[in-house]
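**Student:** File protein_8.cif follows (mmCIF, C-alpha atoms):
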```cif
data_coords
#
loop_
_atom_site.label_atom_id
_atom_site.label_comp_id
_atom_site.auth_asym_id
_atom_site.auth_seq_id
_atom_site.Cartn_x
_atom_site.Cartn_y
_atom_site.Cartn_z
CA MET A 606 16.36 4.07 -29.65
CA THR A 607 12.76 2.90 -29.36
CA ALA A 608 10.17 5.65 -29.30
CA LEU A 609 7.77 5.80 -26.40
CA HIS A 610 4.15 4.85 -26.92
CA PRO A 611 1.60 7.69 -27.02
CA TRP A 612 -0.81 8.27 -24.17
CA ARG A 613 -3.88 6.07 -24.63
CA LEU A 614 -7.36 6.22 -23.13
CA ALA A 615 -9.31 2.94 -23.20
CA LEU A 616 -13.04 3.00 -22.43
CA GLY A 617 -15.32 0.21 -21.25
CA SER A 618 -14.62 -3.34 -20.11
CA GLN A 619 -16.22 -4.71 -23.30
CA ASP A 620 -15.72 -3.65 -26.94
CA GLN A 621 -13.00 -1.21 -25.92
CA VAL A 622 -12.77 2.17 -27.58
CA ALA A 623 -9.24 3.63 -27.55
CA ILE A 624 -8.29 7.29 -27.91
CA LEU A 625 -4.65 8.05 -28.72
CA ASP A 626 -3.04 11.22 -27.34
CA PRO A 627 -6.18 12.28 -25.45
CA SER A 628 -6.57 15.82 -24.17
CA TRP A 629 -7.44 16.48 -20.53
CA SER A 630 -10.91 17.50 -21.69
CA GLN A 631 -11.42 14.08 -23.33
CA ILE A 632 -10.15 12.34 -20.19
CA ALA A 633 -12.50 14.34 -17.95
CA ASP A 634 -15.43 13.62 -20.27
CA ALA A 635 -14.63 9.91 -20.11
CA PHE A 636 -14.60 10.02 -16.30
CA HIS A 637 -17.98 11.76 -16.25
CA SER A 638 -19.41 9.13 -18.62
CA LEU A 639 -18.81 6.35 -16.07
CA ASP A 640 -22.00 5.33 -14.31
CA GLY A 641 -21.32 1.67 -13.52
CA GLN A 642 -24.54 0.58 -15.22
CA CYS A 643 -23.22 -1.31 -18.24
CA ARG A 644 -19.99 -2.75 -19.61
CA HIS A 645 -19.49 0.29 -21.84
CA ARG A 646 -19.61 2.74 -18.93
CA ASP A 647 -18.13 0.91 -15.93
CA TRP A 648 -14.39 1.05 -16.55
CA LEU A 649 -11.60 3.05 -18.18
CA SER A 650 -7.81 2.96 -18.31
CA LEU A 651 -5.39 5.83 -18.89
CA ILE A 652 -2.07 4.39 -20.11
CA SER A 653 1.15 6.42 -20.02
CA PRO A 654 4.00 6.35 -22.60
CA GLN A 655 5.88 4.13 -20.12
CA GLN A 656 2.95 1.65 -20.23
CA GLN A 657 1.83 2.35 -16.67
CA SER A 658 -1.93 2.42 -16.24
CA LEU A 659 -4.42 4.31 -14.11
CA ILE A 660 -7.59 2.20 -13.99
CA ILE A 661 -10.93 3.61 -12.81
CA CYS A 662 -13.98 1.42 -12.15
CA GLY A 663 -17.53 2.13 -11.07
CA GLY A 664 -19.27 5.48 -11.27
CA ASN A 665 -22.50 4.78 -9.42
CA SER A 666 -23.29 7.78 -7.14
CA LEU A 667 -20.05 9.34 -8.43
CA ARG A 668 -17.96 6.85 -6.47
CA PHE A 669 -15.02 5.07 -8.05
CA LEU A 670 -12.37 2.43 -7.43
CA VAL A 671 -8.94 3.60 -8.58
CA PHE A 672 -6.04 1.26 -9.35
CA TYR A 673 -2.49 1.86 -10.58
CA LEU A 674 -0.71 -0.80 -12.62
CA LEU A 675 3.00 -0.36 -11.96
CA SER A 676 4.22 -1.67 -15.28
CA GLY A 677 2.82 -3.02 -18.51
CA SER A 678 5.43 -5.79 -18.39
CA TRP A 679 5.04 -8.60 -15.87
CA ASP A 680 8.78 -9.28 -16.18
CA ALA A 681 9.73 -5.77 -15.07
CA ASP A 682 10.46 -5.03 -11.42
CA PRO A 683 9.93 -1.28 -10.95
CA LEU A 684 9.63 -1.48 -7.15
CA PRO A 685 10.98 -3.98 -4.61
CA LEU A 686 7.44 -4.90 -3.61
CA PRO A 687 5.36 -8.09 -3.78
CA THR A 688 2.74 -6.58 -6.08
CA ARG A 689 2.13 -4.99 -9.44
CA TYR A 690 -1.05 -3.16 -8.46
CA LEU A 691 -1.81 -0.30 -6.08
CA GLN A 692 -5.29 0.83 -5.02
CA ALA A 693 -6.10 4.38 -3.95
CA VAL A 694 -7.72 4.63 -0.52
CA HIS A 695 -8.94 7.51 1.63
CA LEU A 696 -8.19 6.66 5.24
CA ASP A 697 -10.54 9.25 6.75
CA GLN A 698 -13.66 8.02 4.96
CA ALA A 699 -15.91 5.95 7.18
CA GLY A 700 -19.39 4.57 6.89
CA PRO A 701 -21.20 1.59 5.36
CA ASP A 702 -20.06 -0.19 2.22
CA LEU A 703 -21.08 1.63 -0.96
CA PRO A 704 -22.64 0.14 -4.13
CA LEU A 705 -20.51 0.67 -7.24
CA CYS A 706 -22.57 -1.34 -9.78
CA LEU A 707 -19.61 -2.97 -11.47
CA GLN A 708 -20.10 -6.21 -13.39
CA PRO A 709 -21.25 -8.10 -11.41
CA PRO A 710 -22.58 -5.50 -8.92
CA LEU A 711 -20.65 -5.26 -5.67
CA PHE A 712 -20.37 -3.21 -2.53
CA SER A 713 -17.02 -1.64 -1.70
CA PRO A 714 -15.70 -0.41 1.66
CA SER A 715 -16.27 3.31 2.06
CA TYR A 716 -12.57 4.11 2.38
CA THR A 717 -11.84 2.59 -1.07
CA ALA A 718 -14.74 4.28 -2.90
CA LEU A 719 -13.37 7.66 -3.98
CA SER A 720 -15.36 10.74 -4.92
CA TRP A 721 -14.96 12.74 -8.13
CA PRO A 722 -12.81 15.58 -6.60
CA LEU A 723 -10.20 13.05 -5.44
CA LEU A 724 -10.36 11.15 -8.71
CA SER A 725 -9.76 14.37 -10.62
CA GLN A 726 -6.64 15.20 -8.58
CA ILE A 727 -5.27 11.67 -9.02
CA ALA A 728 -5.85 11.70 -12.79
CA ARG A 729 -4.41 15.20 -13.30
CA ARG A 730 -1.22 14.35 -11.40
CA PHE A 731 -0.77 11.13 -13.34
CA PHE A 732 -1.51 12.72 -16.72
CA GLN A 733 0.62 15.83 -16.18
CA ASP A 734 3.58 14.42 -14.22
CA GLY A 735 3.30 10.63 -14.55
CA GLN A 736 3.26 10.38 -10.74
CA LEU A 737 0.90 9.21 -8.04
CA TYR A 738 -1.06 11.81 -6.12
CA VAL A 739 -0.78 11.61 -2.33
CA GLY A 740 -2.54 14.07 -0.04
CA SER A 741 -5.74 14.99 1.76
CA GLY A 742 -5.83 11.57 3.44
CA LEU A 743 -5.29 9.75 0.14
CA ARG A 744 -2.82 6.85 0.17
CA TRP A 745 -2.04 3.82 -2.01
CA GLU A 746 -2.60 0.26 -0.83
CA ILE A 747 -0.69 -2.63 -2.38
CA GLU A 748 -2.83 -5.44 -3.75
CA THR A 749 -1.77 -9.03 -3.05
CA GLN A 750 -5.10 -10.76 -3.72
CA PRO A 751 -5.21 -12.94 -5.63
CA THR A 752 -1.75 -13.92 -4.50
CA PRO A 753 0.77 -13.06 -7.25
CA ALA A 754 3.28 -15.74 -8.19
CA PHE A 755 6.22 -13.43 -7.55
CA LEU A 756 5.73 -12.91 -3.82
CA PRO A 757 9.14 -13.24 -2.16
CA VAL A 758 9.96 -16.68 -0.81
CA PRO A 759 12.24 -17.56 2.10
CA PRO A 760 15.84 -18.29 1.13
CA SER A 761 16.89 -21.93 1.06
CA SER A 762 18.98 -21.39 4.16
CA LEU A 763 18.55 -18.94 7.02
CA VAL A 764 22.33 -18.89 7.55
CA PRO A 765 23.44 -15.30 6.88
CA SER A 766 25.69 -14.57 3.95
CA PRO A 767 29.38 -14.11 4.94
CA HIS A 768 29.23 -10.73 3.21
CA ALA A 769 26.17 -9.54 5.12
CA SER A 770 25.45 -8.70 8.72
CA SER A 771 23.49 -11.09 10.92
CA PRO A 772 19.81 -10.73 11.79
CA SER A 773 19.39 -8.29 14.64
CA LEU A 774 16.85 -6.67 16.95
CA LEU A 775 17.14 -3.09 18.14
CA VAL A 776 14.81 -1.76 20.84
CA LEU A 777 14.82 1.99 21.49
CA GLY A 778 13.30 4.44 23.92
CA PRO A 779 13.77 8.14 24.64
CA SER A 780 16.72 7.49 26.94
CA SER A 781 17.84 3.90 26.31
CA SER A 782 18.58 1.32 23.64
CA ASP A 783 19.18 -2.43 23.60
CA SER A 784 20.48 -4.55 20.71
CA PHE A 785 20.17 -8.30 20.27
CA PRO A 786 22.30 -10.09 17.65
CA LEU A 787 20.70 -13.24 16.24
CA PRO A 788 17.45 -12.78 18.21
CA ASN A 789 15.11 -15.72 18.77
CA TRP A 790 11.33 -15.55 18.84
CA SER A 791 11.33 -15.04 22.62
CA ASP A 792 13.42 -11.88 22.17
CA LEU A 793 10.96 -10.44 19.64
CA GLU A 794 7.96 -11.44 21.73
CA THR A 795 9.45 -9.71 24.77
CA ALA A 796 10.29 -6.59 22.75
CA LEU A 797 6.71 -6.25 21.54
CA PHE A 798 5.33 -6.68 25.05
CA CYS A 799 7.77 -4.09 26.43
CA LEU A 800 6.82 -1.34 23.96
CA ASP A 801 4.71 1.02 26.05
CA GLY A 802 4.93 4.34 24.18
CA HIS A 803 6.87 5.91 27.06
CA SER A 804 10.11 4.22 28.09
CA LEU A 805 10.33 2.00 24.98
CA THR A 806 8.85 3.12 21.66
CA HIS A 807 10.74 1.44 18.77
CA ALA A 808 11.53 -2.18 17.84
CA PHE A 809 13.47 -2.89 14.64
CA PHE A 810 13.94 -6.49 13.47
CA SER A 811 16.37 -6.60 10.54
CA HIS A 812 17.44 -9.44 8.26
CA PRO A 813 20.32 -8.79 5.85
CA ASP A 814 18.52 -10.04 2.72
CA ARG A 815 14.90 -9.25 3.61
CA GLY A 816 14.84 -5.77 5.09
CA THR A 817 13.64 -4.33 8.38
CA LEU A 818 10.32 -4.68 10.14
CA ALA A 819 9.70 -1.68 12.41
CA VAL A 820 7.06 -1.72 15.16
CA LEU A 821 6.58 1.69 16.78
CA GLY A 822 4.40 3.00 19.58
CA GLY A 823 2.82 0.77 22.21
CA LEU A 824 0.61 3.26 24.04
CA GLN A 825 -2.62 1.41 24.91
CA GLN A 826 -1.31 -1.48 22.75
CA ARG A 827 -1.63 0.45 19.47
CA TYR A 828 1.25 0.47 17.01
CA VAL A 829 2.37 1.62 13.58
CA VAL A 830 4.11 -1.14 11.61
CA PHE A 831 6.46 -0.59 8.66
CA LEU A 832 8.42 -2.93 6.42
CA PHE A 833 11.50 -1.45 4.76
CA PRO A 834 12.66 -3.78 1.94
CA HIS A 835 16.39 -4.47 1.78
CA ASP A 836 18.89 -2.75 -0.54
CA GLN A 837 17.01 0.54 -0.59
CA HIS A 838 18.01 3.53 -2.67
CA PHE A 839 16.43 6.97 -2.67
CA PRO A 840 13.53 7.45 -2.70
CA VAL A 841 13.12 5.03 0.18
CA VAL A 842 10.12 2.76 -0.26
CA SER A 843 8.36 1.08 2.63
CA LEU A 844 5.07 -0.63 3.39
CA GLN A 845 2.80 0.37 6.29
CA ALA A 846 0.27 -2.03 7.78
CA ILE A 847 -3.38 -0.97 7.93
CA ASP A 848 -6.45 -2.47 9.60
CA PRO A 849 -9.55 -1.44 7.58
CA SER A 850 -11.84 -2.62 10.40
CA LEU A 851 -10.63 0.12 12.73
CA THR A 852 -12.70 3.31 12.56
CA GLY A 853 -13.26 6.28 14.79
CA PRO A 854 -11.16 9.26 15.89
CA GLU A 855 -7.42 9.50 15.46
CA VAL A 856 -5.29 7.56 17.93
CA GLU A 857 -2.39 9.08 19.87
CA LEU A 858 0.89 7.19 19.69
CA CYS A 859 4.04 8.22 21.53
CA ILE A 860 6.91 7.42 19.19
CA GLN A 861 9.49 10.17 19.63
CA THR A 862 6.91 12.82 20.43
CA PRO A 863 3.15 12.30 20.76
CA ALA A 864 1.45 12.21 17.36
CA GLU A 865 -2.04 11.51 16.07
CA PHE A 866 -2.59 8.70 13.56
CA PRO A 867 -5.75 7.69 11.67
CA SER A 868 -7.39 4.81 13.52
CA ARG A 869 -6.76 2.38 10.64
CA LEU A 870 -3.00 3.01 10.83
CA ALA A 871 -2.74 2.54 14.60
CA VAL A 872 -3.08 -1.24 14.52
CA ARG A 873 -3.80 -3.30 17.61
CA GLN A 874 -1.40 -5.73 19.26
CA PRO A 875 -2.79 -8.98 17.75
CA LEU A 876 -2.16 -7.72 14.20
CA ALA A 877 1.31 -6.37 15.09
CA TRP A 878 2.08 -9.74 16.69
CA HIS A 879 0.85 -11.63 13.61
CA ILE A 880 3.02 -9.55 11.25
CA LEU A 881 6.13 -9.85 13.42
CA GLN A 882 5.70 -13.60 13.89
CA HIS A 883 5.07 -14.20 10.19
CA PHE A 884 8.11 -12.15 9.13
CA TYR A 885 10.34 -13.88 11.69
CA HIS A 886 9.36 -17.40 10.64
CA THR A 887 9.02 -16.94 6.85
CA LEU A 888 10.90 -13.71 6.04
CA THR A 889 7.88 -12.58 3.99
CA ILE A 890 4.99 -10.25 4.70
CA PRO A 891 1.68 -11.96 5.53
CA ARG A 892 -0.67 -11.97 2.56
CA ASP A 893 -3.80 -11.46 4.66
CA VAL A 894 -2.71 -8.01 5.87
CA HIS A 895 -3.46 -4.72 4.11
CA TRP A 896 -0.37 -2.61 3.33
CA LEU A 897 0.04 0.98 2.20
CA LEU A 898 2.88 2.16 -0.02
CA GLU A 899 5.09 4.81 1.56
CA VAL A 900 7.81 6.79 -0.25
CA PHE A 901 10.10 9.03 1.80
#
```
I'd like the structure from this file rewritten - as structure tokens, please.
**Tutor:**
Amino acid sequence: MTALHPWRLALGSQDQVAILDPSWSQIADAFHSLDGQCRHRDWLSLISPQQQSLIICGGNSLRFLVFYLLSGSWDADPLPLPTRYLQAVHLDQAGPDLPLCLQPPLFSPSYTALSWPLLSQIARRFFQDGQLYVGSGLRWEIETQPTPAFLPVPPSSLVPSPHASSPSLLVLGPSSSDSFPLPNWSDLETALFCLDGHSLTHAFFSHPDRGTLAVLGGLQQRYVVFLFPHDQHFPVVSLQAIDPSLTGPEVELCIQTPAEFPSRLAVRQPLAWHILQHFYHTLTIPRDVHWLLEVF
């Protein structure tokens, strides 16, 4: 049986210094040393025994970009997702882009530039439990830019497998439901138009080998959009669409009962339409859309 690697702390994007089996005190000191001003103090990576990495960049004005590398092996497939990287984001943070003074200097959207208190909670959870911290508005966005080579591709034939069910559309409301076997684009287009957040609130388009795209809501043409990959096992993993350009107060959506969603999660109809159309025609998620990782 192969022994696990020790925890490793790597400092700086140039002339790396590595610390094996670091203590939390050493990790915290390394975080505090980041100032984004030079290649020795703009980046660090905390690598677990399972070769998963928490990567922190920046440090200017105590703001950081935080990434999670799912696996040290590009051949591994730890999650049924078209990515190997996640980025921590804080959905409630709004305001102008912030300078991080990476190399080269760049400005980052406010909702991706995390403060030290959040960074500390993320790092502690990862170091102590090997898990991702989620809470206080913090979520994880999948990264598909640049486009990874292992994004799912449409099957060679759209004819369903004889051992699988056919593509289907299910439209639900508080007191009614309609199902459409083998729906065409007109059926999906009509379903999206009919979602109003009152009489009809859910549309589920499912393909046997690609999963289910769920569009929920419809009140004032705002929606939450999920993709549930196929062949799920607990914990259930899904992706939720986000529009970083949307700011302001929370938006009310009537799904089963009225609920408030951060503005960035309550996407507008053109984006919901784009996602649904792309998934219907290609059976993949669009690469120009931001997605958050959800685990239920």
**Student:** Between CA of Gly664 (chain A) and CA of Arg869 (chain A), what is the spacing in Å?
**Tutor:**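 Atom-to-atom, CA of Arg869 (chain A) to CA of Gly664 (chain A), that is 25.4 Å.
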**Student:** Show me the residues around (-2.8, 4.2, 24.4) - criterion: an atom at most 10 Å away, all atoms listed in the file counted - as a PyMOL selection string.
**Tutor:** chain A and resi 801-802+822-828+856-859+871
**Student:** What does the structure give for the distance between CA of Tyr885 (chain A) and CA of Thr817 (chain A), in Å to one decimal?
**Tutor:** 10.6 Å
**Student:** Name the residues that the PyMOL selection byres ((chain A and resi 745) around 12) pulls out of this structure, and write them as number ranges by chain.
**Tutor:** A: 670-675, 690-696, 716-717, 727, 737-740, 742-744, 746-748, 843-847, 895-900
**Student:** Given the PyMOL selection byres ((chain A and resi 788) around 10) and the file above, list the residues it selects as a list in words.
**Tutor:** Ser771, Pro772, Ser773, Leu774, Leu775, Ser784, Phe785, Pro786, Leu787, Asn789, Trp790, Ser791, Asp792, Leu793, Phe810, Ser811 and Tyr885 of chain A
**Student:** Mind pulling up the distance from CA of His803 (chain A) to CA of Asp783 (chain A)?
**Tutor:**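 Straight-line distance from CA of Asp783 (chain A) to CA of His803 (chain A) works out to 15.3 Å.
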**Student:** Nearest residue to Ser666 (chain A) out of A:Leu800, A:Ala718, A:Leu649, A:Leu777, using only C-alpha atoms?
**Tutor:**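 Going through A:Leu800, A:Ala718, A:Leu649, A:Leu777 one by one, the smallest distance to Ser666 (chain A) is for A:Ala718.
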**Student:** Using all atoms listed in the file, which of the listed residues (A:Gly641, A:Ser715, A:Leu625, A:Gly700) sits closest to Gly853 (chain A)?
**Tutor:**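 Nearest to Gly853 (chain A): A:Gly700.
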**Student:** Kindly provide, as lines of an AutoDock Vina configuration file, the centre and edge lengths (Å, one decimal) of an axis-aligned box around all atoms of region 871-877 of chain A given in the file, with 3 Å on each side.
**Tutor:**
```
center_x = -1.2
center_y = -3.2
center_z = 16.7
size_x = 11.1
size_y = 17.5
size_z = 11.1
```
**Student:** Here is a test: counting all atoms listed in the file, which residue of A:Phe669, A:Trp648, A:Phe636, A:Phe732 is nearest to Trp612 (chain A)?
**Tutor:**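 Nearest to Trp612 (chain A): A:Phe732.
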**Student:** Pick out the closest residue to Asp634 (chain A) from this set: A:Leu719, A:Phe866, A:Val830, A:Leu614. Count all atoms listed in the file.
**Tutor:**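 Ranking A:Leu719, A:Phe866, A:Val830, A:Leu614 by distance to Asp634 (chain A), first place goes to A:Leu614.
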**Student:** Excluding His879 (chain A) and its own-chain neighbours fewer than 6 positions away, which residues fall within 10 Å of it when counting all atoms listed in the file? Please give them as a PDB file with C-alpha atoms, in the coordinates of the input.
**Tutor:**
```
ATOM      1  CA  TYR A 885      10.340 -13.880  11.690  1.00  0.00           C
ATOM      2  CA  ILE A 890       4.990 -10.250   4.700  1.00  0.00           C
ATOM      3  CA  PRO A 891       1.680 -11.960   5.530  1.00  0.00           C
ATOM      4  CA  VAL A 894      -2.710  -8.010   5.870  1.00  0.00           C
TER       5      VAL A 894
END
```
**Student:** Counting only C-alpha atoms, which of A:Phe833, A:Trp721, A:Phe884, A:Phe798 gets nearest to Leu639 (chain A)?
**Tutor:**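 Going through A:Phe833, A:Trp721, A:Phe884, A:Phe798 one by one, the smallest distance to Leu639 (chain A) is for A:Trp721.
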**Student:** So that I can see what lies close to Asp626 (chain A), please list as a PyMOL selection string the residues with an atom at most 12 Å from it, counting all atoms listed in the file and leaving out residues fewer than 3 positions away in the same chain.
**Tutor:** chain A and resi 610-615+623+629-632+651-654+732
